[in-house]
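Next comes protein.cif, with mmCIF, C-alpha atoms and all ligand atoms.
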```
data_final
#
loop_
_atom_site.label_atom_id
_atom_site.label_comp_id
_atom_site.auth_asym_id
_atom_site.auth_seq_id
_atom_site.Cartn_x
_atom_site.Cartn_y
_atom_site.Cartn_z
CA MET S 298 -29.55 -19.16 10.07
CA GLY S 299 -33.17 -18.94 8.88
CA ASP S 300 -33.80 -15.32 9.89
CA ARG S 301 -30.79 -13.66 8.37
CA VAL S 302 -31.27 -10.30 6.64
CA PRO S 303 -31.07 -10.64 2.83
CA VAL S 304 -28.30 -8.47 1.38
CA ALA S 305 -26.67 -7.69 -1.97
CA VAL S 306 -23.24 -6.54 -3.14
CA LEU S 307 -22.99 -4.13 -6.07
CA GLY S 308 -19.54 -4.15 -7.67
CA ALA S 309 -19.01 -7.68 -6.36
CA THR S 310 -16.20 -8.54 -8.77
CA GLY S 311 -13.90 -5.65 -7.73
CA LEU S 312 -11.31 -5.64 -4.95
CA VAL S 313 -13.69 -4.18 -2.37
CA GLY S 314 -16.58 -6.28 -3.70
CA GLN S 315 -14.56 -9.49 -3.29
CA ARG S 316 -13.85 -8.56 0.33
CA PHE S 317 -17.57 -7.98 0.90
CA VAL S 318 -18.43 -11.37 -0.58
CA SER S 319 -15.76 -13.02 1.54
CA LEU S 320 -16.85 -11.30 4.78
CA LEU S 321 -20.51 -12.12 4.16
CA GLU S 322 -19.84 -15.83 3.70
CA ARG S 323 -21.60 -17.52 6.64
CA HIS S 324 -22.26 -14.18 8.34
CA PRO S 325 -24.45 -14.75 11.42
CA TRP S 326 -26.91 -11.89 10.65
CA PHE S 327 -26.72 -11.33 6.88
CA GLU S 328 -27.35 -13.64 3.96
CA LEU S 329 -25.77 -12.72 0.63
CA ARG S 330 -28.57 -13.20 -1.84
CA ALA S 331 -27.64 -11.03 -4.84
CA VAL S 332 -24.54 -9.81 -6.63
CA ALA S 333 -23.98 -7.46 -9.57
CA ALA S 334 -21.14 -5.79 -11.43
CA SER S 335 -21.01 -4.30 -14.92
CA GLU S 336 -23.91 -5.06 -17.30
CA ALA S 337 -21.86 -7.47 -19.42
CA ARG S 338 -21.64 -9.98 -16.55
CA ALA S 339 -25.43 -10.22 -16.00
CA GLY S 340 -26.69 -13.80 -16.26
CA LYS S 341 -23.34 -15.43 -15.51
CA ARG S 342 -22.62 -17.30 -12.29
CA TYR S 343 -20.47 -15.35 -9.81
CA GLY S 344 -18.03 -18.24 -9.43
CA GLU S 345 -17.48 -18.42 -13.19
CA THR S 346 -17.14 -14.74 -13.98
CA VAL S 347 -15.17 -13.35 -11.04
CA GLU S 348 -11.38 -13.23 -11.26
CA TRP S 349 -10.72 -14.02 -7.58
CA VAL S 350 -7.52 -12.24 -6.54
CA ILE S 351 -7.78 -11.55 -2.82
CA ASP S 352 -5.97 -13.60 -0.16
CA ALA S 353 -9.15 -15.10 1.32
CA PRO S 354 -10.69 -18.50 0.54
CA PHE S 355 -13.01 -18.54 -2.45
CA PRO S 356 -16.57 -18.29 -1.07
CA GLY S 357 -18.53 -21.42 -1.86
CA GLU S 358 -21.94 -19.98 -0.90
CA ALA S 359 -21.68 -17.11 -3.40
CA ALA S 360 -20.22 -19.09 -6.32
CA GLY S 361 -23.65 -20.21 -7.60
CA LEU S 362 -25.36 -16.80 -7.46
CA VAL S 363 -26.42 -15.50 -10.87
CA MET S 364 -25.12 -11.98 -11.54
CA ARG S 365 -27.87 -9.39 -11.81
CA ARG S 366 -27.87 -6.17 -13.81
CA PRO S 367 -26.62 -3.14 -11.85
CA ARG S 368 -30.06 -1.54 -11.67
CA PRO S 369 -32.00 -0.67 -8.52
CA GLU S 370 -35.16 -2.53 -9.57
CA GLU S 371 -33.18 -5.80 -9.55
CA PHE S 372 -32.80 -5.60 -5.76
CA ARG S 373 -36.37 -5.55 -4.49
CA ASP S 374 -35.86 -8.81 -2.59
CA VAL S 375 -33.01 -7.61 -0.33
CA GLU S 376 -32.93 -5.20 2.63
CA VAL S 377 -29.31 -4.05 2.55
CA VAL S 378 -27.21 -3.16 -0.50
CA PHE S 379 -23.45 -2.91 -0.05
CA VAL S 380 -22.07 -0.65 -2.78
CA ALA S 381 -18.53 -1.08 -4.13
CA LEU S 382 -19.03 0.71 -7.45
CA PRO S 383 -16.95 3.49 -8.99
CA LYS S 384 -18.18 6.89 -7.84
CA GLU S 385 -19.14 7.82 -11.40
CA VAL S 386 -21.98 5.29 -11.42
CA ALA S 387 -22.83 4.92 -7.72
CA GLY S 388 -24.75 8.16 -7.01
CA PRO S 389 -28.03 7.73 -8.92
CA ILE S 390 -28.22 4.02 -7.99
CA GLU S 391 -27.80 4.78 -4.29
CA LEU S 392 -30.48 7.48 -4.33
CA GLU S 393 -32.96 5.20 -6.05
CA LEU S 394 -32.24 2.31 -3.67
CA ALA S 395 -32.77 4.56 -0.63
CA ARG S 396 -36.07 5.77 -2.13
CA MET S 397 -37.07 2.12 -2.50
CA GLY S 398 -36.51 1.73 1.27
CA LYS S 399 -33.16 -0.06 1.10
CA ILE S 400 -30.32 0.36 3.58
CA VAL S 401 -27.42 1.43 1.35
CA VAL S 402 -23.94 1.01 2.82
CA SER S 403 -21.51 2.51 0.38
CA ASN S 404 -17.80 2.94 -0.25
CA ALA S 405 -18.18 5.32 -3.17
CA ASN S 406 -17.00 8.88 -2.77
CA VAL S 407 -20.37 10.55 -3.28
CA PHE S 408 -22.62 12.09 -0.58
CA ARG S 409 -19.96 11.54 2.12
CA MET S 410 -19.97 15.20 3.10
CA GLU S 411 -23.76 15.76 2.85
CA PRO S 412 -24.88 17.06 6.27
CA ASP S 413 -27.56 14.39 6.74
CA VAL S 414 -25.40 11.45 5.64
CA PRO S 415 -23.55 9.56 8.38
CA LEU S 416 -19.87 8.98 7.54
CA LEU S 417 -19.06 6.14 9.89
CA ASN S 418 -15.90 4.62 11.26
CA PRO S 419 -17.92 2.87 13.96
CA GLU S 420 -15.48 2.78 16.88
CA ALA S 421 -14.62 6.44 16.32
CA ASN S 422 -18.13 7.87 15.82
CA TRP S 423 -20.79 5.18 16.23
CA GLU S 424 -23.26 7.74 17.61
CA HIS S 425 -23.39 9.50 14.20
CA ILE S 426 -25.63 6.61 13.06
CA ARG S 427 -28.44 8.71 14.60
CA LEU S 428 -28.15 11.08 11.63
CA VAL S 429 -30.19 8.52 9.76
CA GLU S 430 -33.31 9.85 11.48
CA GLU S 431 -32.56 13.36 10.20
CA GLN S 432 -31.88 11.97 6.73
CA ARG S 433 -35.25 10.19 6.64
CA ARG S 434 -37.06 13.29 7.87
CA ARG S 435 -35.40 15.59 5.34
CA ARG S 436 -35.57 13.29 2.34
CA GLY S 437 -38.87 11.60 3.09
CA TRP S 438 -37.62 8.08 2.41
CA ARG S 439 -37.71 4.91 4.47
CA GLY S 440 -34.31 3.76 3.34
CA ALA S 441 -30.92 5.15 4.29
CA ILE S 442 -27.55 6.03 2.83
CA LEU S 443 -24.68 5.21 5.19
CA LYS S 444 -21.12 5.93 4.10
CA VAL S 445 -17.80 4.23 4.69
CA PRO S 446 -14.93 6.75 4.87
CA ASN S 447 -12.04 6.92 2.44
CA CYS S 448 -9.59 4.10 3.30
CA THR S 449 -6.67 6.32 4.41
CA THR S 450 -9.02 8.35 6.59
CA ALA S 451 -10.51 5.24 8.23
CA VAL S 452 -7.06 4.06 9.32
CA LEU S 453 -5.97 7.51 10.49
CA THR S 454 -9.10 8.41 12.47
CA LEU S 455 -9.17 5.08 14.31
CA SER S 456 -5.71 5.88 15.69
CA LEU S 457 -6.57 9.55 16.39
CA LYS S 458 -9.83 9.08 18.30
CA PRO S 459 -8.25 7.65 21.49
CA LEU S 460 -5.68 10.48 21.37
CA LEU S 461 -8.42 13.07 20.94
CA ASP S 462 -10.30 11.69 23.95
CA ALA S 463 -7.20 11.50 26.17
CA TYR S 464 -5.19 14.56 25.15
CA GLY S 465 -7.16 16.77 22.74
CA LEU S 466 -6.03 17.42 19.18
CA ARG S 467 -4.98 20.64 17.48
CA ARG S 468 -3.22 19.71 14.27
CA VAL S 469 -2.21 16.57 12.36
CA PHE S 470 0.52 16.05 9.76
CA MET S 471 0.24 12.72 7.96
CA THR S 472 2.24 11.14 5.14
CA SER S 473 0.80 7.92 3.71
CA MET S 474 2.39 4.98 1.92
CA GLN S 475 -0.66 3.44 0.26
CA ALA S 476 -1.11 -0.01 -1.23
CA ILE S 477 -1.92 -0.48 -4.91
CA SER S 478 -5.20 -2.29 -4.13
CA GLY S 479 -6.46 1.12 -2.97
CA ALA S 480 -6.80 2.10 -6.61
CA GLY S 481 -8.96 -0.88 -7.62
CA PHE S 482 -8.37 -3.96 -9.75
CA ARG S 483 -7.28 -2.08 -12.86
CA GLY S 484 -6.12 1.01 -11.02
CA VAL S 485 -2.32 1.24 -11.15
CA PRO S 486 -0.42 -0.21 -14.13
CA GLY S 487 2.38 -2.58 -13.08
CA TYR S 488 4.92 -0.64 -15.11
CA ALA S 489 4.15 2.53 -13.18
CA ILE S 490 4.45 1.10 -9.65
CA VAL S 491 7.09 -1.69 -9.64
CA ASP S 492 10.48 -0.28 -8.52
CA ASN S 493 8.76 3.00 -7.81
CA ILE S 494 6.76 5.28 -5.52
CA LEU S 495 4.06 7.53 -6.96
CA PRO S 496 4.05 10.78 -4.99
CA PHE S 497 0.51 11.88 -5.86
CA ILE S 498 -3.00 10.42 -5.53
CA ARG S 499 -5.61 12.68 -7.02
CA GLY S 500 -8.08 14.13 -4.52
CA GLU S 501 -6.84 11.97 -1.65
CA GLU S 502 -5.24 14.66 0.54
CA GLU S 503 -8.35 16.83 0.52
CA LYS S 504 -10.54 13.80 1.34
CA VAL S 505 -8.39 12.87 4.35
CA ALA S 506 -8.64 16.40 5.74
CA ARG S 507 -12.37 16.99 5.33
CA GLU S 508 -13.51 13.47 6.22
CA SER S 509 -11.33 13.35 9.36
CA ARG S 510 -12.95 16.57 10.63
CA LYS S 511 -16.43 15.15 10.06
CA ILE S 512 -15.71 11.75 11.62
CA LEU S 513 -14.06 13.26 14.70
CA GLY S 514 -16.80 15.88 15.00
CA ARG S 515 -19.69 15.92 17.46
CA LEU S 516 -23.34 15.18 16.69
CA GLU S 517 -25.42 18.10 18.01
CA GLY S 518 -29.05 18.91 17.25
CA GLY S 519 -29.34 16.71 14.17
CA GLU S 520 -26.03 17.69 12.58
CA VAL S 521 -22.32 17.01 12.86
CA LYS S 522 -20.16 19.88 14.08
CA PRO S 523 -16.78 19.07 12.47
CA LEU S 524 -13.76 18.97 14.77
CA GLU S 525 -11.69 22.11 14.40
CA VAL S 526 -8.40 20.49 13.58
CA ASP S 527 -5.91 21.17 10.79
CA VAL S 528 -5.06 18.01 8.87
CA VAL S 529 -2.11 18.31 6.48
CA ALA S 530 -1.90 15.13 4.41
CA THR S 531 0.70 13.99 1.87
CA THR S 532 -0.40 10.80 0.12
CA THR S 533 1.77 8.43 -1.91
CA ARG S 534 1.36 5.05 -3.61
CA VAL S 535 3.94 2.32 -2.93
CA PRO S 536 4.44 -1.20 -4.38
CA VAL S 537 2.56 -3.05 -1.61
CA LEU S 538 -0.54 -5.13 -2.41
CA ASP S 539 -2.69 -4.42 0.68
CA GLY S 540 -2.30 -2.21 3.74
CA HIS S 541 -1.83 1.53 4.06
CA LEU S 542 1.04 2.71 6.29
CA GLU S 543 0.78 6.28 7.60
CA SER S 544 3.43 8.38 9.33
CA VAL S 545 1.68 10.78 11.70
CA VAL S 546 2.74 13.82 13.69
CA ALA S 547 -0.07 14.82 16.06
CA PHE S 548 -0.03 18.18 17.86
CA LEU S 549 -2.03 17.52 21.02
CA GLU S 550 -3.59 19.89 23.58
CA LYS S 551 -1.85 18.18 26.50
CA ARG S 552 1.56 16.51 26.59
CA PRO S 553 1.31 12.76 27.40
CA GLY S 554 3.22 11.48 30.44
CA GLY S 555 5.36 9.29 28.19
CA VAL S 556 5.27 6.92 25.22
CA GLU S 557 4.27 3.95 27.37
CA GLU S 558 1.28 5.93 28.66
CA VAL S 559 0.17 6.60 25.05
CA TYR S 560 0.57 2.92 24.19
CA ARG S 561 -1.69 2.02 27.12
CA VAL S 562 -4.29 4.59 26.03
CA TRP S 563 -4.44 2.93 22.60
CA GLU S 564 -4.29 -0.62 23.91
CA GLU S 565 -7.02 -0.22 26.51
CA TRP S 566 -9.37 1.75 24.26
CA ARG S 567 -12.66 0.01 23.47
CA SER S 568 -15.79 1.49 21.98
CA ARG S 569 -19.49 0.74 21.50
CA PRO S 570 -19.06 -1.88 18.73
CA GLN S 571 -16.93 -3.95 21.14
CA GLU S 572 -19.43 -3.49 24.01
CA LEU S 573 -22.31 -4.48 21.73
CA GLY S 574 -20.39 -7.54 20.51
CA LEU S 575 -20.93 -6.75 16.83
CA PRO S 576 -19.74 -9.77 14.83
CA THR S 577 -17.21 -7.87 12.69
CA ALA S 578 -15.86 -5.65 15.50
CA PRO S 579 -12.26 -6.59 16.37
CA GLU S 580 -11.50 -7.35 20.00
CA ALA S 581 -8.98 -4.46 20.05
CA PRO S 582 -9.52 -1.62 17.56
CA VAL S 583 -5.91 -0.44 18.00
CA VAL S 584 -3.07 -2.94 18.37
CA VAL S 585 0.27 -1.69 19.73
CA ARG S 586 3.52 -3.00 18.26
CA ARG S 587 6.44 -2.17 20.53
CA GLU S 588 9.13 -3.68 18.27
CA PRO S 589 11.22 -0.95 16.60
CA ASP S 590 10.55 -2.31 13.09
CA ARG S 591 6.75 -2.59 13.22
CA PRO S 592 4.06 -2.11 11.99
CA GLN S 593 4.73 -3.59 8.55
CA PRO S 594 2.10 -4.15 5.83
CA ARG S 595 2.81 -7.84 5.25
CA LEU S 596 3.01 -8.75 8.94
CA ASP S 597 0.32 -6.54 10.44
CA ARG S 598 -2.44 -5.85 7.91
CA MET S 599 -4.54 -8.84 9.02
CA ALA S 600 -4.50 -7.87 12.73
CA GLY S 601 -8.00 -8.40 14.11
CA ARG S 602 -8.97 -10.14 10.83
CA GLY S 603 -8.06 -6.92 9.03
CA MET S 604 -10.28 -4.75 11.25
CA SER S 605 -7.68 -3.52 13.76
CA VAL S 606 -5.13 -0.85 12.99
CA SER S 607 -1.59 -1.38 14.27
CA VAL S 608 0.43 1.47 15.75
CA GLY S 609 4.12 1.71 16.67
CA ARG S 610 7.26 3.81 16.67
CA ALA S 611 5.65 6.37 18.98
CA ALA S 612 7.91 9.16 20.20
CA LEU S 613 7.58 12.53 21.94
CA PRO S 614 10.42 14.12 20.00
CA LEU S 615 10.16 17.75 21.12
CA GLU S 616 11.20 18.37 24.74
CA GLY S 617 8.25 19.60 26.82
CA GLU S 618 5.91 19.97 23.82
CA PRO S 619 2.64 18.06 23.24
CA VAL S 620 3.80 16.59 19.93
CA LEU S 621 3.49 12.87 19.25
CA ARG S 622 5.04 11.04 16.28
CA TYR S 623 3.88 7.51 15.37
CA LEU S 624 3.15 5.11 12.52
CA VAL S 625 -0.23 3.47 11.92
CA LEU S 626 -1.10 0.67 9.52
CA GLY S 627 -4.48 -0.69 8.45
CA HIS S 628 -5.95 -2.96 5.79
CA ASN S 629 -7.38 -0.66 3.13
CA THR S 630 -9.99 -3.01 1.67
CA VAL S 631 -11.07 -4.43 5.06
CA ARG S 632 -10.89 -1.65 7.70
CA GLY S 633 -10.75 0.92 4.92
CA ALA S 634 -13.70 -0.42 2.94
CA ALA S 635 -15.68 -3.69 3.09
CA GLY S 636 -15.04 -4.66 6.74
CA THR S 637 -16.17 -1.25 7.94
CA GLY S 638 -19.16 -1.49 5.58
CA VAL S 639 -20.30 -4.75 7.19
CA LEU S 640 -19.64 -3.30 10.67
CA ILE S 641 -21.80 -0.26 9.83
CA ALA S 642 -24.67 -2.53 8.76
CA GLU S 643 -24.30 -4.49 12.02
CA LEU S 644 -24.36 -1.24 14.02
CA TYR S 645 -27.49 -0.13 12.16
CA TYR S 646 -29.38 -3.35 12.91
CA LYS S 647 -28.29 -3.36 16.56
CA VAL S 648 -28.79 0.32 17.41
CA VAL S 649 -31.44 1.68 15.01
CA GLU S 650 -33.57 -1.38 14.18
CA GLN S 651 -32.72 -3.01 17.52
CA VAL S 652 -32.86 -6.53 16.17
CA PHE S 653 -30.19 -9.13 17.00
N1 LIG S 701 -9.79 -0.32 -3.10
C1 LIG S 701 -9.88 0.31 -1.94
O1 LIG S 701 -9.02 0.16 -1.05
C2 LIG S 701 -11.04 1.21 -1.65
C3 LIG S 701 -11.15 1.73 -0.38
C4 LIG S 701 -12.22 2.57 -0.07
C5 LIG S 701 -13.15 2.86 -1.03
N2 LIG S 701 -13.03 2.36 -2.29
C6 LIG S 701 -14.09 2.68 -3.25
O2 LIG S 701 -14.88 1.50 -3.45
C7 LIG S 701 -15.35 1.44 -4.78
C8 LIG S 701 -14.87 0.14 -5.42
O3 LIG S 701 -13.45 0.13 -5.43
P1 LIG S 701 -12.59 -1.12 -5.93
O4 LIG S 701 -11.22 -0.84 -5.50
O5 LIG S 701 -13.24 -2.40 -5.53
O6 LIG S 701 -12.71 -0.95 -7.54
P2 LIG S 701 -12.57 -2.08 -8.67
O7 LIG S 701 -11.66 -3.15 -8.23
O8 LIG S 701 -12.23 -1.33 -9.91
O9 LIG S 701 -14.07 -2.67 -8.80
C9 LIG S 701 -15.12 -1.92 -9.35
C10 LIG S 701 -16.41 -2.75 -9.38
O10 LIG S 701 -17.45 -1.94 -9.96
C11 LIG S 701 -17.96 -2.60 -11.13
N3 LIG S 701 -18.28 -1.61 -12.16
C12 LIG S 701 -17.41 -0.82 -12.84
N4 LIG S 701 -18.10 -0.02 -13.70
C13 LIG S 701 -19.41 -0.33 -13.57
C14 LIG S 701 -20.62 0.13 -14.19
N5 LIG S 701 -20.60 1.10 -15.11
N6 LIG S 701 -21.79 -0.41 -13.79
C15 LIG S 701 -21.81 -1.38 -12.85
N7 LIG S 701 -20.72 -1.87 -12.24
C16 LIG S 701 -19.53 -1.34 -12.60
C17 LIG S 701 -16.86 -3.53 -11.57
O11 LIG S 701 -17.44 -4.56 -12.35
P3 LIG S 701 -16.63 -5.32 -13.51
O12 LIG S 701 -15.63 -6.20 -12.79
O13 LIG S 701 -17.68 -6.09 -14.20
O14 LIG S 701 -15.98 -4.27 -14.34
C18 LIG S 701 -16.31 -4.00 -10.22
O15 LIG S 701 -17.16 -4.99 -9.69
C19 LIG S 701 -14.84 2.71 -5.47
O16 LIG S 701 -15.81 3.71 -5.39
C20 LIG S 701 -13.62 3.08 -4.63
O17 LIG S 701 -13.30 4.44 -4.71
C21 LIG S 701 -12.00 1.53 -2.61
#
```
Please express the file's structure as structure tokens.
Ligand SMILES: NC(=O)c1ccc[n+]([C@@H]2O[C@H](COP(=O)([O-])OP(=O)(O)OC[C@H]3O[C@@H](n4cnc5c(N)ncnc54)[C@H](OP(=O)(O)O)[C@@H]3O)[C@@H](O)[C@H]2O)c1
Amino acid sequence: MGDRVPVAVLGATGLVGQRFVSLLERHPWFELRAVAASEARAGKRYGETVEWVIDAPFPGEAAGLVMRRPRPEEFRDVEVVFVALPKEVAGPIELELARMGKIVVSNANVFRMEPDVPLLNPEANWEHIRLVEEQRRRRGWRGAILKVPNCTTAVLTLSLKPLLDAYGLRRVFMTSMQAISGAGFRGVPGYAIVDNILPFIRGEEEKVARESRKILGRLEGGEVKPLEVDVVATTTRVPVLDGHLESVVAFLEKRPGGVEEVYRVWEEWRSRPQELGLPTAPEAPVVVRREPDRPQPRLDRMAGRGMSVSVGRAALPLEGEPVLRYLVLGHNTVRGAAGTGVLIAELYYKVVEQVF
């Protein structure tokens, strides 16, 4: 374990940050060396200050780390910085870290749509990592900013990519039932969500549409040509702790031969992260549940250690038409945030740096 890459987590006490810390515990390539959250925690030990709430064992390796201040100059001794900060504070910190030569892998909703910033859901668009060369040329820095998509978009696009490759895609209608952890540790008051469904999540529907087009787009001549597909999203918040469930109607170019054929397309689909054997890549990116009452958040969110999405309830409901209805479920803080962040860093070191 002597040659592991030193990494840091910014926002390490939040719901995404806790997932990062958990996933980095005994990681074969990365060594968690630094953590930070809000200024007031600086100087305290991670194990003493964090309120550990996620359903993963408390990480012994990280417990003794002393919290640093959330300032770029505090991270000179690491190569990679995983960012799980609110978007309001993330932007300037990320820019400064990239200027310092750091590899910034971020969940915050800033810079995602910048033309030279890769927005990566690795199995769906691993080749977009090459945008990093364009970014370095344009911005004149040695570092990089690599973005994790919005959580709902990550789950959706992982299920859409095999369909796009097999049948083509014209239009997508999606209604989400999103977990409360998607809004962060202090995000949704208990009184608002228990015994209730909140039918609006600010900004989410627009994010799903624009990010899906970028992720499913093609890299050509140093830029991403977004996929020309209409994405109509309706996003809601439901009283589930983790795991976003999405009801999808996909208008394809070509009608599939049957539901079983579609299930096989999903089941057999593998991508570059699987071929490269990246440590955080799940064996199967898309898991098919043929039971009529699956996928369910509680039963299926940890499929592939939280990195697979689970699909089910597929139907071709309109006679003769290329219209597919299905449900997809994925873990919002693993596949939708920290797990994909770690996978992006693994992809970077394998494909761009070509170490490991
Ligand atoms: N939750 C999800 O499913 C999800 C999915 C995709 C993307 N994201 C994005 O990931 C980021 C983190 O989300 P989260 O759900 O983990 O939020 P969270 O639970 O609210 O955690 C926020 C983290 O940022 C720290 N922080 C807050 N204000 C800060 C400041 N001014 N300076 C330095 N640190 C500060 C917090 O530290 P303290 O604990 O000390 O306050 C905490 O560690 C957000 O940008 C979010 O939009 C979240």
Select from range 464-483 of chain S every residue with an atom at most 12 Å from any atom of range 350-357 of chain S, then for each give the shortest pair of atoms and their distance in Å to one decimal, using only C-alpha atoms, rows by chain and rising number, as a Markdown table.
```
| residue | atom | partner | partner_atom | distance |
| --- | --- | --- | --- | --- |
| S:Ser478 | CA | S:Ile351 | CA | 9.7 |
| S:Gly481 | CA | S:Val350 | CA | 11.5 |
| S:Phe482 | CA | S:Val350 | CA | 8.9 |
| S:Arg483 | CA | S:Val350 | CA | 12.0 |
```
Self-check item: Residue nearest ligand LIG 701 (chain S) among S:Glu502, S:Asp374, S:Asp597, S:Glu385 (counting all atoms listed in the file)
Solution: S:Glu385
Exercise. Using only C-alpha atoms and all ligand atoms, find each protein or nucleic acid residue lying at most 6 Å from ligand LIG 701 (chain S); present the set as a PyMOL selection string.
Key: chain S and resi 308-314+334-335+367+381-384+386+404-406+447-448+478-483+629-630+633-634
Go ahead and save the picked residues with C-alpha atoms, as a PDB file, keeping the file's coordinate frame.
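Once written, result-v5.pdb looks like this:
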```pdb
ATOM      1  CA  GLY S 308     -19.540  -4.150  -7.670  1.00  0.00           C
ATOM      2  CA  ALA S 309     -19.010  -7.680  -6.360  1.00  0.00           C
ATOM      3  CA  THR S 310     -16.200  -8.540  -8.770  1.00  0.00           C
ATOM      4  CA  GLY S 311     -13.900  -5.650  -7.730  1.00  0.00           C
ATOM      5  CA  LEU S 312     -11.310  -5.640  -4.950  1.00  0.00           C
ATOM      6  CA  VAL S 313     -13.690  -4.180  -2.370  1.00  0.00           C
ATOM      7  CA  GLY S 314     -16.580  -6.280  -3.700  1.00  0.00           C
ATOM      8  CA  ALA S 334     -21.140  -5.790 -11.430  1.00  0.00           C
ATOM      9  CA  SER S 335     -21.010  -4.300 -14.920  1.00  0.00           C
ATOM     10  CA  PRO S 367     -26.620  -3.140 -11.850  1.00  0.00           C
ATOM     11  CA  ALA S 381     -18.530  -1.080  -4.130  1.00  0.00           C
ATOM     12  CA  LEU S 382     -19.030   0.710  -7.450  1.00  0.00           C
ATOM     13  CA  PRO S 383     -16.950   3.490  -8.990  1.00  0.00           C
ATOM     14  CA  LYS S 384     -18.180   6.890  -7.840  1.00  0.00           C
ATOM     15  CA  VAL S 386     -21.980   5.290 -11.420  1.00  0.00           C
ATOM     16  CA  ASN S 404     -17.800   2.940  -0.250  1.00  0.00           C
ATOM     17  CA  ALA S 405     -18.180   5.320  -3.170  1.00  0.00           C
ATOM     18  CA  ASN S 406     -17.000   8.880  -2.770  1.00  0.00           C
ATOM     19  CA  ASN S 447     -12.040   6.920   2.440  1.00  0.00           C
ATOM     20  CA  CYS S 448      -9.590   4.100   3.300  1.00  0.00           C
ATOM     21  CA  SER S 478      -5.200  -2.290  -4.130  1.00  0.00           C
ATOM     22  CA  GLY S 479      -6.460   1.120  -2.970  1.00  0.00           C
ATOM     23  CA  ALA S 480      -6.800   2.100  -6.610  1.00  0.00           C
ATOM     24  CA  GLY S 481      -8.960  -0.880  -7.620  1.00  0.00           C
ATOM     25  CA  PHE S 482      -8.370  -3.960  -9.750  1.00  0.00           C
ATOM     26  CA  ARG S 483      -7.280  -2.080 -12.860  1.00  0.00           C
ATOM     27  CA  ASN S 629      -7.380  -0.660   3.130  1.00  0.00           C
ATOM     28  CA  THR S 630      -9.990  -3.010   1.670  1.00  0.00           C
ATOM     29  CA  GLY S 633     -10.750   0.920   4.920  1.00  0.00           C
ATOM     30  CA  ALA S 634     -13.700  -0.420   2.940  1.00  0.00           C
TER      31      ALA S 634
END
```
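If you measure from each of S:Leu417, S:Ala578, S:Pro592, S:Val529 to Glu501 in chain S using all atoms listed in the file, the closest one turns out to be S:Val529.
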Quiz item: Do you have the CA of Thr531 in chain S-CA of Ile490 in chain S distance handy?
Solution: 17.7 Å
Quiz item: Do you know which residues are at most 9 Å from Glu550 in chain S counting all atoms listed in the file, after dropping those on the same chain fewer than 2 positions away, and could you put them as a list in words?
Solution: Leu461, Tyr464, Gly465, Leu466, Arg467, Phe548, Arg552, Pro619 and Val620 of chain S
Residue selection dump (C-alpha atoms) as a CSV table (one decimal), in the frame of the given file:
```csv
chain,number,residue,atom,x,y,z
S,461,LEU,CA,-8.4,13.1,20.9
S,464,TYR,CA,-5.2,14.6,25.2
S,465,GLY,CA,-7.2,16.8,22.7
S,466,LEU,CA,-6.0,17.4,19.2
S,467,ARG,CA,-5.0,20.6,17.5
S,548,PHE,CA,0.0,18.2,17.9
S,552,ARG,CA,1.6,16.5,26.6
S,619,PRO,CA,2.6,18.1,23.2
S,620,VAL,CA,3.8,16.6,19.9
```
Quiz item: Leaving out Gln571 in chain S and any residue of its chain fewer than 4 positions from it, which residues lie within 10 Å of it when counting only C-alpha atoms, given as a VMD selection string?
Solution: chain S and resid 419 to 420 566 to 567 575 to 582
Those same residues, written as a tab-separated table (two decimals), in the frame of the given file with C-alpha atoms?
```tsv
chain	number	residue	atom	x	y	z
S	419	PRO	CA	-17.92	2.87	13.96
S	420	GLU	CA	-15.48	2.78	16.88
S	566	TRP	CA	-9.37	1.75	24.26
S	567	ARG	CA	-12.66	0.01	23.47
S	575	LEU	CA	-20.93	-6.75	16.83
S	576	PRO	CA	-19.74	-9.77	14.83
S	577	THR	CA	-17.21	-7.87	12.69
S	578	ALA	CA	-15.86	-5.65	15.50
S	579	PRO	CA	-12.26	-6.59	16.37
S	580	GLU	CA	-11.50	-7.35	20.00
S	581	ALA	CA	-8.98	-4.46	20.05
S	582	PRO	CA	-9.52	-1.62	17.56
```
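Distances to Pro553 in chain S were evaluated for S:Val378, S:Leu615, S:Val505, S:Ile400 using all atoms listed in the file, and the minimum falls at S:Leu615.
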Please complete range 557-562 of chain S with N, CA and C atoms and give it back as a PDB file, in the coordinates of the input.
```pdb
ATOM      1  N   GLU S 557       4.951   5.137  26.831  1.00  0.00           N
ATOM      2  CA  GLU S 557       4.270   3.950  27.370  1.00  0.00           C
ATOM      3  C   GLU S 557       2.832   4.296  27.774  1.00  0.00           C
ATOM      4  N   GLU S 558       2.639   5.497  28.300  1.00  0.00           N
ATOM      5  CA  GLU S 558       1.280   5.930  28.660  1.00  0.00           C
ATOM      6  C   GLU S 558       0.393   5.993  27.396  1.00  0.00           C
ATOM      7  N   VAL S 559       0.943   6.515  26.314  1.00  0.00           N
ATOM      8  CA  VAL S 559       0.170   6.600  25.050  1.00  0.00           C
ATOM      9  C   VAL S 559      -0.159   5.194  24.556  1.00  0.00           C
ATOM     10  N   TYR S 560       0.826   4.299  24.628  1.00  0.00           N
ATOM     11  CA  TYR S 560       0.570   2.920  24.190  1.00  0.00           C
ATOM     12  C   TYR S 560      -0.572   2.304  24.992  1.00  0.00           C
ATOM     13  N   ARG S 561      -0.604   2.598  26.298  1.00  0.00           N
ATOM     14  CA  ARG S 561      -1.690   2.020  27.120  1.00  0.00           C
ATOM     15  C   ARG S 561      -3.042   2.632  26.763  1.00  0.00           C
ATOM     16  N   VAL S 562      -3.041   3.940  26.449  1.00  0.00           N
ATOM     17  CA  VAL S 562      -4.290   4.590  26.030  1.00  0.00           C
ATOM     18  C   VAL S 562      -4.852   3.875  24.799  1.00  0.00           C
TER      19      VAL S 562
END
```
